[in-house]
Amino acid sequence: MKPSHIEHIGIAVKNLEESIKYYQEVLGLECYNIEEVKDQKVKTAFFKVGEVKIELLESTDPEGPIGKYIEKKGEGIHHIAFAVDNLEDKLKHAEDKGVRSIDTAPRKGAEGLNIAFLHPKSTFGVLTELCENKNK
């Protein structure tokens with residue numbers, strides 16, 4: 001598969017505004033994008049640390065995936081995302097290797113990326129997102 005780089009690290013938070021303050025005021029990072037992804041029931045905020053992004057995720061619905069995650073596990077690291085080319089091929093490759101997918105086909109994510117998730121039960125407990133930037 002060979003991803004080109006870590007695209008971002010997703011962090012589930014209860015309150016986006018409070019979390020943004022920590023990243024800006026304590027860590028000195030700049031929030032460069034806030035976006036709602038309605039079909040995923042989430043509002044996101046992005047920061048860059050070198051070439052890696054930090055994505056804060058606040059649920060817009062307690063029944064959404066982030067709302068359920070926080071209810072079960074609390075705030076914290078939710079997933080790691082890897083940048084890949086030919087996302088559909090990479091999903092097929094993972095499945096051919098016995099890795100269970102959450103998404104059977106790519107879908108739209110934040111920042112206009114095509115995304116798909118691999119199930120943490122097949123990835124040693126780490127929810128893994130594959131991202132493809134079709135605009136590069």
# chains A, B, ... in the order shown; residues from 1 in each chain; ligands from 1
>>> residues_around(residues="Gly98 of chain A", least_positions_apart="2", cutoff="12 Å", atoms="only C-alpha atoms", output="PDB file with C-alpha atoms, in the first residue's frame")
ATOM      1  CA  LEU A  91      -9.187  -0.391  -0.157  1.00  0.00           C
ATOM      2  CA  LYS A  92      -9.240  -3.470  -2.384  1.00  0.00           C
ATOM      3  CA  HIS A  93      -5.625  -4.244  -1.458  1.00  0.00           C
ATOM      4  CA  ALA A  94      -6.454  -4.031   2.263  1.00  0.00           C
ATOM      5  CA  GLU A  95      -9.474  -6.289   1.818  1.00  0.00           C
ATOM      6  CA  ASP A  96      -7.391  -8.773  -0.193  1.00  0.00           C
ATOM      7  CA  ARG A 100     -11.992  -5.365   7.368  1.00  0.00           C
ATOM      8  CA  SER A 101     -13.215  -2.037   5.983  1.00  0.00           C
ATOM      9  CA  LEU A 118     -10.402   0.478   8.021  1.00  0.00           C
ATOM     10  CA  HIS A 119     -11.920  -1.245  11.052  1.00  0.00           C
ATOM     11  CA  LYS A 121     -10.501  -4.815  14.885  1.00  0.00           C
ATOM     12  CA  SER A 122      -8.394  -5.499  11.774  1.00  0.00           C
ATOM     13  CA  THR A 123      -5.740  -2.829  12.413  1.00  0.00           C
TER      14      THR A 123
END
>>> select_by_dssp(residues="segment 46-129 of chain A", states="alpha helix (DSSP H)", output="list in words")
Pro65, Ile66, Gly67, Lys68, Tyr69, Ile70, Glu71, Lys72, Lys73, Leu87, Glu88, Asp89, Lys90, Leu91, Lys92, His93, Ala94, Glu95 and Asp96 of chain A
>>> closest_residue(among="A:Val49, A:Leu56, A:Val13, A:Ile115", to="Lys68 of chain A", atoms="only C-alpha atoms")
A:Val13
>>> closest_residue(among="A:Ala83, A:Phe47, A:Lys72, A:Lys53", to="Tyr22 of chain A", atoms="only C-alpha atoms")
A:Phe47
>>> select_by_dssp(residues="segment 5-133 of chain A", states="strand (DSSP E)", output="NGL selection string")
:A and (5-13 or 33-37 or 42-49 or 52-59 or 76-83 or 107-108 or 114-118 or 128-132)
>>> closest_residue(among="A:Lys108, A:His8, A:Lys2, A:Lys90", to="Ile77 of chain A", atoms="only C-alpha atoms")
A:His8
>>> residues_around(residues="Glu88 of chain A", least_positions_apart="5", cutoff="12 Å", atoms="only C-alpha atoms", output="JSON, numbers by chain")
{"A": [1, 93, 94, 95, 101, 103, 104, 105, 106, 107, 114, 115, 116, 117, 130, 131, 132]}
>>> closest_residue(among="A:Gly112, A:Val126, A:Pro120, A:Lys41", to="Pro62 of chain A", atoms="only C-alpha atoms")
A:Lys41
>>> closest_residue(among="A:Val42, A:Ile80, A:Val99, A:Leu127", to="His5 of chain A", atoms="only C-alpha atoms")
A:Ile80
